[in-house]
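Colleague: What follows is final-v5.tsv, made up of TSV, C-alpha atoms:
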chain	number	residue	atom	x	y	z
A	1	MET	CA	52.47	4.07	-34.38
A	2	ASN	CA	55.37	4.63	-32.03
A	3	VAL	CA	54.76	5.28	-28.34
A	4	THR	CA	55.99	8.86	-28.18
A	5	ALA	CA	53.91	9.86	-31.16
A	6	SER	CA	50.84	8.17	-29.71
A	7	VAL	CA	51.00	9.88	-26.29
A	8	ALA	CA	52.40	13.33	-27.07
A	9	PRO	CA	49.36	14.70	-29.00
A	10	TRP	CA	47.14	14.26	-25.94
A	11	LYS	CA	49.22	16.43	-23.62
A	12	GLU	CA	47.36	19.60	-24.58
A	13	ALA	CA	43.93	17.99	-24.54
A	14	SER	CA	41.42	18.77	-21.78
A	15	ASP	CA	40.07	16.02	-19.53
A	16	PRO	CA	36.66	15.82	-21.28
A	17	GLU	CA	38.42	15.62	-24.65
A	18	LEU	CA	40.58	12.80	-23.40
A	19	VAL	CA	37.54	10.98	-22.03
A	20	ALA	CA	35.75	11.32	-25.38
A	21	THR	CA	38.73	10.06	-27.36
A	22	ALA	CA	39.46	7.26	-24.89
A	23	ALA	CA	35.83	6.13	-25.15
A	24	ARG	CA	36.29	5.92	-28.90
A	25	GLY	CA	39.34	3.74	-28.26
A	26	LEU	CA	41.96	6.14	-29.59
A	27	GLU	CA	45.42	5.03	-28.58
A	28	GLY	CA	47.27	7.01	-25.92
A	29	SER	CA	44.37	9.14	-24.67
A	30	PHE	CA	43.50	6.96	-21.69
A	31	GLU	CA	47.18	6.60	-20.84
A	32	GLU	CA	47.39	10.40	-20.65
A	33	LEU	CA	44.44	10.45	-18.23
A	34	VAL	CA	46.16	7.83	-16.08
A	35	LYS	CA	49.36	9.87	-16.15
A	36	ARG	CA	47.48	13.00	-14.97
A	37	TYR	CA	45.59	11.38	-12.13
A	38	GLN	CA	47.65	8.40	-10.92
A	39	ARG	CA	49.55	10.41	-8.30
A	40	PRO	CA	46.65	12.34	-6.75
A	41	ILE	CA	44.43	9.27	-6.80
A	42	SER	CA	47.03	6.95	-5.30
A	43	ALA	CA	47.81	9.61	-2.65
A	44	TYR	CA	44.13	10.03	-1.82
A	45	VAL	CA	43.61	6.26	-1.59
A	46	TYR	CA	46.76	5.83	0.47
A	47	ARG	CA	45.60	8.49	2.93
A	48	MET	CA	42.23	6.78	3.12
A	49	VAL	CA	43.37	3.17	3.59
A	50	GLY	CA	46.84	3.74	5.07
A	51	ASP	CA	48.33	0.72	3.29
A	52	TYR	CA	50.79	1.07	0.41
A	53	GLU	CA	50.10	-2.25	-1.35
A	54	ALA	CA	46.34	-1.85	-0.99
A	55	ALA	CA	46.59	1.72	-2.29
A	56	LEU	CA	48.37	0.55	-5.45
A	57	ASP	CA	45.87	-2.27	-6.04
A	58	LEU	CA	42.95	0.07	-5.49
A	59	THR	CA	44.46	2.68	-7.82
A	60	GLN	CA	44.61	0.09	-10.59
A	61	GLU	CA	41.08	-1.04	-9.82
A	62	ILE	CA	39.85	2.57	-9.91
A	63	PHE	CA	41.34	3.26	-13.34
A	64	ILE	CA	39.90	0.01	-14.68
A	65	LYS	CA	36.48	1.11	-13.38
A	66	VAL	CA	36.99	4.54	-14.93
A	67	TYR	CA	37.83	2.97	-18.28
A	68	GLY	CA	34.80	0.70	-18.01
A	69	SER	CA	32.53	3.68	-17.29
A	70	LEU	CA	33.87	6.16	-19.85
A	71	ALA	CA	30.73	5.80	-21.95
A	72	ARG	CA	28.65	6.85	-18.93
A	73	TYR	CA	30.70	9.98	-18.10
A	74	ARG	CA	28.68	13.19	-18.43
A	75	PRO	CA	30.82	16.18	-19.44
A	76	GLU	CA	28.74	18.62	-17.36
A	77	PHE	CA	30.57	17.25	-14.31
A	78	ARG	CA	34.25	17.86	-13.69
A	79	PHE	CA	36.29	14.78	-14.53
A	80	SER	CA	38.32	15.19	-11.33
A	81	THR	CA	35.12	15.09	-9.23
A	82	TRP	CA	33.93	12.02	-11.13
A	83	ILE	CA	37.19	10.10	-10.68
A	84	TYR	CA	37.34	11.04	-6.97
A	85	LYS	CA	33.81	9.71	-6.60
A	86	ILE	CA	34.91	6.36	-8.04
A	87	ALA	CA	38.06	6.43	-5.88
A	88	HIS	CA	36.04	7.32	-2.80
A	89	ASN	CA	33.60	4.43	-3.35
A	90	SER	CA	36.46	1.98	-3.90
A	91	ALA	CA	38.29	3.15	-0.77
A	92	VAL	CA	35.12	3.01	1.34
A	93	ASP	CA	34.36	-0.51	0.04
A	94	HIS	CA	37.90	-1.55	0.89
A	95	LEU	CA	37.59	-0.13	4.41
A	96	ARG	CA	34.26	-1.91	4.85
A	97	ARG	CA	35.75	-5.21	3.70
A	98	ASN	CA	38.67	-4.74	6.08
A	99	GLY	CA	36.69	-2.97	8.82
A	100	GLY	CA	38.47	-4.74	11.66
A	101	ARG	CA	41.84	-3.72	10.38
A	102	GLU	CA	41.18	0.00	10.16
A	103	ARG	CA	44.13	1.88	11.50
A	104	SER	CA	44.01	4.10	14.52
A	105	LEU	CA	46.51	5.65	16.84
A	106	ASN	CA	45.40	3.38	19.63
A	107	SER	CA	46.05	0.21	17.65
A	108	GLY	CA	49.75	0.31	18.39
A	109	VAL	CA	50.50	-0.66	14.79
A	110	GLU	CA	53.66	0.88	13.41
A	111	GLU	CA	52.40	2.90	10.49
A	112	GLU	CA	54.23	3.19	7.24
A	113	SER	CA	54.61	6.70	5.95
A	114	TYR	CA	56.22	8.05	2.87
A	115	GLU	CA	58.50	11.00	2.49
A	116	LEU	CA	56.75	14.24	1.74
A	117	ALA	CA	58.16	16.66	-0.73
A	118	ILE	CA	59.05	19.80	1.16
A	119	GLU	CA	60.03	23.04	-0.42
A	120	SER	CA	63.33	23.85	1.19
A	121	SER	CA	64.27	27.02	-0.69
A	122	GLY	CA	65.66	29.55	1.75
A	123	LEU	CA	65.15	27.33	4.79
A	124	SER	CA	67.83	26.18	7.16
A	125	PRO	CA	68.29	22.40	7.67
A	126	GLU	CA	66.69	22.78	11.12
A	127	GLN	CA	63.64	24.47	9.65
A	128	VAL	CA	63.31	21.80	6.97
A	129	SER	CA	63.55	19.12	9.62
A	130	GLU	CA	60.98	20.89	11.79
A	131	ARG	CA	58.56	21.20	8.86
A	132	ARG	CA	59.00	17.56	8.00
A	133	GLU	CA	58.26	16.59	11.60
A	134	ARG	CA	55.15	18.78	11.62
A	135	LYS	CA	53.87	17.28	8.35
A	136	LEU	CA	54.43	13.75	9.60
A	137	GLU	CA	52.56	14.58	12.81
A	138	ILE	CA	49.65	16.00	10.87
A	139	GLU	CA	49.54	12.97	8.54
A	140	SER	CA	49.58	10.74	11.59
A	141	VAL	CA	46.70	12.62	13.24
A	142	VAL	CA	44.72	12.47	9.98
A	143	ARG	CA	45.23	8.68	9.90
A	144	SER	CA	43.93	8.42	13.44
A	145	LEU	CA	40.56	9.98	12.55
A	146	PRO	CA	37.55	7.73	11.96
A	147	SER	CA	37.20	7.16	8.21
A	148	ALA	CA	33.95	9.18	7.96
A	149	TYR	CA	35.88	12.28	9.13
A	150	ARG	CA	39.24	11.43	7.57
A	151	GLU	CA	37.79	11.29	4.06
A	152	LEU	CA	36.43	14.83	4.34
A	153	ILE	CA	39.71	16.23	5.67
A	154	VAL	CA	41.64	14.54	2.86
A	155	LEU	CA	39.20	15.71	0.19
A	156	ARG	CA	39.14	19.29	1.52
A	157	HIS	CA	42.78	19.86	2.45
A	158	GLY	CA	44.59	17.17	0.43
A	159	GLN	CA	42.67	17.35	-2.81
A	160	ASP	CA	41.42	20.95	-2.47
A	161	LEU	CA	37.78	20.14	-3.24
A	162	THR	CA	35.01	22.61	-2.46
A	163	TYR	CA	32.10	21.69	-0.18
A	164	GLU	CA	29.91	21.24	-3.25
A	165	GLU	CA	32.42	18.88	-4.87
A	166	ILE	CA	32.74	16.93	-1.62
A	167	VAL	CA	28.95	16.56	-1.62
A	168	GLU	CA	29.13	15.14	-5.16
A	169	VAL	CA	32.00	12.78	-4.33
A	170	THR	CA	30.67	11.42	-1.06
A	171	GLY	CA	26.93	11.71	-1.67
A	172	LEU	CA	26.53	13.29	1.79
A	173	PRO	CA	24.18	16.24	2.37
A	174	LEU	CA	25.86	19.67	2.50
A	175	GLY	CA	24.96	20.12	6.18
A	176	THR	CA	26.63	16.83	7.08
A	177	VAL	CA	29.77	17.77	5.15
A	178	LYS	CA	29.98	21.13	6.97
A	179	ASN	CA	29.35	19.56	10.34
A	180	ARG	CA	31.75	16.65	9.91
A	181	LEU	CA	34.53	18.87	8.58
A	182	PHE	CA	34.18	21.13	11.57
A	183	ARG	CA	34.08	18.19	13.99
A	184	ALA	CA	37.07	16.53	12.28
A	185	ARG	CA	39.10	19.70	12.75
A	186	GLU	CA	38.03	19.89	16.39
A	187	MET	CA	39.14	16.28	16.90
A	188	MET	CA	42.46	17.10	15.30
A	189	ARG	CA	42.94	20.14	17.53
A	190	GLN	CA	42.35	17.98	20.57
A	191	GLN	CA	44.84	15.42	19.27
A	192	PHE	CA	47.48	18.11	18.77
A	193	VAL	CA	46.92	19.38	22.31
A	194	SER	CA	47.14	15.89	23.79
A	195	ARG	CA	50.37	15.27	21.85
A	196	GLY	CA	51.80	18.51	23.11
A	197	ILE	CA	52.04	20.06	19.66
A	198	GLY	CA	51.72	23.80	19.97
A	199	GLY	CA	50.78	26.49	17.49
A	200	MET	CA	47.66	24.74	16.12
B	1	MET	CA	33.39	34.36	25.99
B	2	SER	CA	30.95	37.12	25.08
B	3	ALA	CA	27.24	37.13	25.67
B	4	SER	CA	26.58	36.47	22.02
B	5	SER	CA	28.64	33.27	22.02
B	6	LYS	CA	25.54	31.20	22.64
B	7	GLN	CA	24.28	32.25	19.23
B	8	CYS	CA	27.64	31.66	17.56
B	9	GLN	CA	28.08	28.72	15.31
B	10	LYS	CA	31.59	27.36	15.04
B	11	GLU	CA	30.60	25.61	11.79
B	12	GLN	CA	29.82	29.04	10.37
B	13	ILE	CA	33.36	30.14	11.19
B	14	ALA	CA	34.76	27.09	9.39
B	15	ALA	CA	32.55	27.72	6.35
B	16	TYR	CA	33.65	31.39	6.33
B	17	LEU	CA	37.32	30.41	6.38
B	18	ASP	CA	36.74	27.81	3.66
B	19	GLY	CA	35.15	30.52	1.49
B	20	GLU	CA	31.87	28.64	1.43
B	21	LEU	CA	29.51	31.37	2.64
B	22	ASP	CA	27.37	33.25	0.13
B	23	ALA	CA	27.75	37.04	-0.06
B	24	GLU	CA	24.82	37.79	2.26
B	25	SER	CA	25.88	35.31	4.96
B	26	MET	CA	29.46	36.53	4.70
B	27	THR	CA	28.48	40.17	5.27
B	28	ALA	CA	26.29	39.21	8.22
B	29	PHE	CA	29.05	37.07	9.70
B	30	GLU	CA	31.66	39.81	9.30
B	31	GLN	CA	29.36	42.28	11.09
B	32	HIS	CA	28.86	39.76	13.88
B	33	LEU	CA	32.62	39.25	14.05
B	34	CYS	CA	33.12	42.95	14.92
B	35	ASP	CA	31.02	42.54	18.07
B	36	CYS	CA	31.93	39.03	19.16
B	37	SER	CA	35.31	38.43	20.76
B	38	PHE	CA	34.55	34.70	21.13
B	39	CYS	CA	34.15	34.29	17.36
B	40	GLY	CA	37.26	36.41	16.76
B	41	THR	CA	39.39	34.12	18.93
B	42	GLU	CA	37.82	31.01	17.43
B	43	LEU	CA	38.38	32.37	13.92
B	44	ASN	CA	42.09	32.86	14.60
B	45	ALA	CA	42.45	29.36	16.05
B	46	GLN	CA	40.62	27.72	13.16
B	47	GLU	CA	42.54	29.77	10.60
B	48	ARG	CA	45.87	28.63	12.07
B	49	LEU	CA	44.78	25.00	11.97
B	50	ILE	CA	43.48	25.23	8.41
B	51	MET	CA	46.73	26.85	7.29
B	52	HIS	CA	48.75	24.00	8.81
B	53	LEU	CA	46.45	21.34	7.34
B	54	ASP	CA	46.61	22.92	3.88
B	55	SER	CA	50.38	23.20	3.90
B	56	ALA	CA	50.85	19.63	5.15
B	57	LEU	CA	48.20	17.77	3.21
B	58	LYS	CA	48.35	19.56	-0.14
B	59	VAL	CA	51.78	18.01	-0.58
B	60	THR	CA	51.13	14.70	-2.27
B	61	PRO	CA	52.80	11.83	-0.43
B	62	ASN	CA	55.74	10.69	-2.47
B	63	LEU	CA	54.41	7.19	-2.96
B	64	PRO	CA	56.90	5.16	-4.95
B	65	LEU	CA	54.88	3.96	-7.93
B	66	PRO	CA	56.12	0.82	-9.68
B	67	HIS	CA	58.10	1.17	-12.88
B	68	ASN	CA	55.81	1.66	-15.89
B	69	PHE	CA	52.77	1.97	-13.60
B	70	THR	CA	50.96	4.22	-16.10
B	71	ARG	CA	51.50	1.78	-18.95
B	72	ILE	CA	50.50	-1.22	-16.81
B	73	ILE	CA	47.27	0.41	-15.66
B	74	ALA	CA	46.34	1.61	-19.15
B	75	ALA	CA	47.09	-1.81	-20.66
B	76	ARG	CA	45.10	-3.64	-17.97
B	77	ALA	CA	42.15	-1.30	-18.32
B	78	GLU	CA	42.15	-1.49	-22.12
B	79	SER	CA	42.35	-5.28	-22.08
B	80	ASP	CA	39.36	-5.45	-19.75
B	81	LEU	CA	36.64	-4.47	-22.18
B	82	SER	CA	33.70	-5.52	-20.00
B	83	GLY	CA	31.37	-2.60	-19.52
B	84	LEU	CA	33.27	-0.19	-21.72
B	85	ARG	CA	30.89	-0.11	-24.63
B	86	ASP	CA	27.28	0.89	-24.30
B	87	ARG	CA	24.37	-1.37	-25.29
B	88	SER	CA	24.06	-0.04	-28.84
B	89	GLU	CA	27.70	-0.91	-29.43
B	90	HIS	CA	27.12	-4.41	-28.05
B	91	ARG	CA	24.14	-4.83	-30.40
B	92	ARG	CA	26.20	-3.61	-33.36
B	93	ALA	CA	28.98	-6.07	-32.44
B	94	LEU	CA	26.46	-8.93	-32.19
B	95	ARG	CA	24.95	-8.04	-35.59
B	96	LEU	CA	28.42	-7.97	-37.10
B	97	CYS	CA	29.26	-11.38	-35.60
B	98	LEU	CA	26.03	-12.86	-36.96
B	99	ILE	CA	26.70	-11.43	-40.42
B	100	LEU	CA	30.24	-12.81	-40.35
B	101	ALA	CA	29.01	-16.21	-39.14
B	102	GLY	CA	26.35	-16.29	-41.89
B	103	ALA	CA	28.89	-15.31	-44.52
B	104	SER	CA	31.37	-17.94	-43.40
B	105	PHE	CA	28.69	-20.68	-43.38
B	106	THR	CA	27.63	-19.65	-46.86
B	107	LEU	CA	31.22	-19.75	-48.08
B	108	ILE	CA	31.88	-23.13	-46.43
B	109	GLY	CA	28.62	-24.47	-47.84
B	110	ALA	CA	29.50	-23.26	-51.33
B	111	SER	CA	32.96	-24.79	-51.21
B	112	ALA	CA	31.88	-28.10	-49.63
B	113	GLY	CA	28.92	-28.52	-51.99
B	114	LYS	CA	26.75	-31.63	-51.89
B	115	GLY	CA	28.97	-33.56	-49.45
B	116	LEU	CA	28.30	-31.09	-46.69
B	117	LEU	CA	24.57	-31.00	-47.38
B	118	PHE	CA	24.45	-34.78	-47.25
B	119	SER	CA	26.29	-34.99	-43.93
B	120	GLY	CA	24.03	-32.25	-42.52
B	121	ARG	CA	20.93	-34.19	-43.54
B	122	THR	CA	22.31	-37.40	-41.94
B	123	LEU	CA	23.00	-35.52	-38.70
B	124	ALA	CA	19.50	-34.05	-38.65
B	125	GLN	CA	17.98	-37.51	-39.22
B	126	LYS	CA	19.94	-38.93	-36.28
B	127	VAL	CA	18.90	-36.08	-33.97
B	128	PHE	CA	15.24	-36.54	-34.96
B	129	GLY	CA	15.59	-40.32	-34.38
B	130	ILE	CA	16.85	-39.81	-30.82
B	131	PHE	CA	14.08	-37.31	-30.01
B	132	GLY	CA	11.48	-39.70	-31.48
B	133	LEU	CA	12.73	-42.56	-29.33
B	134	LEU	CA	12.59	-40.40	-26.18
B	135	TRP	CA	9.06	-39.23	-27.02
B	136	THR	CA	7.81	-42.82	-27.58
B	137	ALA	CA	9.30	-43.94	-24.23
B	138	LEU	CA	7.67	-41.06	-22.36
B	139	HIS	CA	4.29	-41.62	-24.07
B	140	ASP	CA	4.29	-45.37	-23.30
B	141	THR	CA	5.17	-44.73	-19.64
B	142	ALA	CA	2.34	-42.23	-19.29
B	143	VAL	CA	-0.17	-44.62	-20.90
B	144	GLY	CA	0.94	-47.44	-18.59
B	145	LEU	CA	0.64	-45.30	-15.46
B	146	ALA	CA	-2.82	-44.13	-16.50
B	147	ALA	CA	-3.99	-47.73	-16.97
B	148	ILE	CA	-2.67	-48.76	-13.52
B	149	ALA	CA	-4.35	-45.77	-11.86
B	150	ARG	CA	-7.68	-46.61	-13.52
B	151	VAL	CA	-7.54	-50.22	-12.31
B	152	ILE	CA	-6.66	-49.27	-8.72
B	153	GLY	CA	-9.21	-46.44	-8.62
B	154	GLY	CA	-11.99	-48.69	-9.95
B	155	GLY	CA	-11.29	-51.28	-7.23
B	156	LEU	CA	-11.21	-48.82	-4.33
B	157	VAL	CA	-13.97	-46.33	-5.12
B	158	PRO	CA	-17.50	-47.76	-5.53
B	159	GLU	CA	-19.18	-46.53	-8.68
B	160	SER	CA	-21.97	-44.25	-7.47
B	161	HIS	CA	-23.20	-40.68	-7.93
B	162	PHE	CA	-21.60	-39.66	-4.65
B	163	ALA	CA	-18.15	-41.10	-5.41
B	164	GLY	CA	-16.69	-37.63	-6.20
B	165	LEU	CA	-18.20	-36.07	-3.10
B	166	ALA	CA	-16.91	-38.91	-0.94
B	167	ALA	CA	-13.40	-38.46	-2.35
B	168	LEU	CA	-13.57	-34.74	-1.62
B	169	LEU	CA	-14.74	-35.33	1.96
B	170	LEU	CA	-11.97	-37.87	2.45
B	171	ALA	CA	-9.34	-35.37	1.25
B	172	LEU	CA	-10.78	-32.67	3.54
B	173	ALA	CA	-10.72	-35.06	6.49
B	174	VAL	CA	-7.08	-35.92	5.83
B	175	VAL	CA	-6.13	-32.21	5.74
B	176	LEU	CA	-8.07	-31.39	8.94
B	177	LEU	CA	-6.60	-34.37	10.74
B	178	SER	CA	-3.04	-33.37	9.85
B	179	LEU	CA	-3.74	-29.80	11.03
B	180	LEU	CA	-5.11	-31.05	14.35
B	181	ILE	CA	-2.11	-33.32	14.86
B	182	GLY	CA	0.25	-30.43	14.08
B	183	ARG	CA	-1.49	-28.12	16.55
B	184	TYR	CA	-1.45	-30.79	19.22
B	185	HIS	CA	2.33	-31.23	18.87
B	186	GLN	CA	2.88	-27.45	18.87
B	187	HIS	CA	0.82	-27.11	22.05
B	188	ASN	CA	2.86	-29.85	23.73
B	189	GLU	CA	6.15	-28.16	22.76
B	190	MET	CA	4.97	-24.83	24.21
B	191	ARG	CA	4.04	-26.49	27.46
B	192	LEU	CA	7.51	-27.99	27.66
B	193	PHE	CA	9.08	-24.49	27.39
B	194	GLU	CA	6.81	-22.96	30.05
When written as structure tokens, how does the structure in this file appear?

Modeller:
Amino acid sequence: MNVTASVAPWKEASDPELVATAARGLEGSFEELVKRYQRPISAYVYRMVGDYEAALDLTQEIFIKVYGSLARYRPEFRFSTWIYKIAHNSAVDHLRRNGGRERSLNSGVEEESYELAIESSGLSPEQVSERRERKLEIESVVRSLPSAYRELIVLRHGQDLTYEEIVEVTGLPLGTVKNRLFRAREMMRQQFVSRGIGGM
Amino acid sequence: MSASSKQCQKEQIAAYLDGELDAESMTAFEQHLCDCSFCGTELNAQERLIMHLDSALKVTPNLPLPHNFTRIIAARAESDLSGLRDRSEHRRALRLCLILAGASFTLIGASAGKGLLFSGRTLAQKVFGIFGLLWTALHDTAVGLAAIARVIGGGLVPESHFAGLAALLLALAVVLLSLLIGRYHQHNEMRLFE
């Protein structure tokens, strides 16, 4: 079977269909799942751990775990929530293992950051530059949050999960999710004020 | 800040903006919002922040993924079969292996004929011989030790009706003595730390 023929049929398939076929070992179905989720998962992990190499290693590890657990996936849950749960646990484990090296603004470590795609249609070069600056500042402030708060901000605003989905991913009670999200935003507001960034 | 601000919950404002309030709570909150200038100001501030966070963070960082990353991950995952299959599949695989092993032994046996049977019998005889030798050595050692113990015991303990009781009292005395010695040393150590 050639590669194109093996992958193309899966493009129209839903996530649960892909999981079912991948669990049966059908060629190309798991690769399609990886293709769909590799970018959001690597971005989520990168925002959580703040280290490019570690994010790539963890992304691989997460997909290997996903493949190993396909038989245990229950279709009543959204696949995206399930994979974020695995990603979340892996990222938290990584942060625990490397607790002393967790990044913060006060550490003085020069942080790596990757270019963000910015829609520039109809914007002047100055506006594009200003937006890029703003996005980088926000990413930087997110990285400075303690991981317990950062994860909720990333899941809510980066991955667009609802409170209920965040509860499923993190295993935290709903009240804690609400409270921490609110407090995380408050911390961020204070950071913006102390950095002299207006309009927040 | 209005008088009602003490009753205001900023978390409620965040949940409202995130669309996480149920219909009843939302109506109540919106009514409250009409009367509370504090919540109105807070709502605007939080809304602005959420808008900025959404627009900045919903853009996926353009992480440069290695060439063929998808293929590499899929290949690595598919080659690591541990944990993929459930228990029933493992059992089926084991049954299949056993059937295959049985079939291959049968085929080898049929093709090798008497020669194989003969060599198998010789091997079994040798294994039994080694086990027999080990068993004899162990048995003889045990018999020897029992004889020595009987001789020593007969010499030390006088043969009387109270011999068992005396042995028991002796054992009890030894245990009590060791306990007393232990307590004495412990007491001395505590005094040293005082």

Colleague: Can you work out which one of A:Asp57, A:Asp15, A:Glu32, A:Asp160 has the shortest atom-to-atom distance to B:Arg71, counting only C-alpha atoms?

Modeller: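 Comparing A:Asp57, A:Asp15, A:Glu32, A:Asp160 against B:Arg71, the winner is A:Glu32.
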
Colleague: Select residues of chain B: the criterion is any atom within 9 Å of an atom of chain A, counting only C-alpha atoms; output as a PyMOL selection string.

Modeller: chain B and resi 10-12+14-15+18-20+45-46+48-50+52-66+69-78+80-86

Colleague: Find the residue from A:Ser194, A:Thr170, A:Ser14, A:Ser144 that sits nearest to A:Lys85; use all atoms listed in the file when measuring.

Modeller: A:Thr170

Colleague: Distance atom CA of A:Ser147-atom CA of A:Met48, one decimal place?

Modeller: 7.2 Å

Colleague: Any idea what the distance is between atom CA of A:Pro9 and atom CA of A:Thr21?

Modeller: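 These two atoms are separated by 11.7 Å.
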
Colleague: Just to confirm, what's the straight-line distance from atom CA of B:Leu33 to atom CA of B:Cys8 in Å (one decimal)?

Modeller: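 If I compute the distance from atom CA of B:Leu33 to atom CA of B:Cys8, I get 9.7 Å.
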
Colleague: Which residues come within 9 Å of A:Leu58, counting all atoms listed in the file, excluding same-chain residues fewer than 4 positions away, as a list in words?

Modeller: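 Close residues of A:Leu58: Ser42, Val45, Glu53, Ala54, Ile62, Phe63, Ala87, Ser90, Ala91 and His94 of chain A.
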
Colleague: Determine the nearest neighbour of A:Val193 from the options A:Val49, A:Leu161, A:Leu174, A:Val141, counting only C-alpha atoms.

Modeller: A:Val141
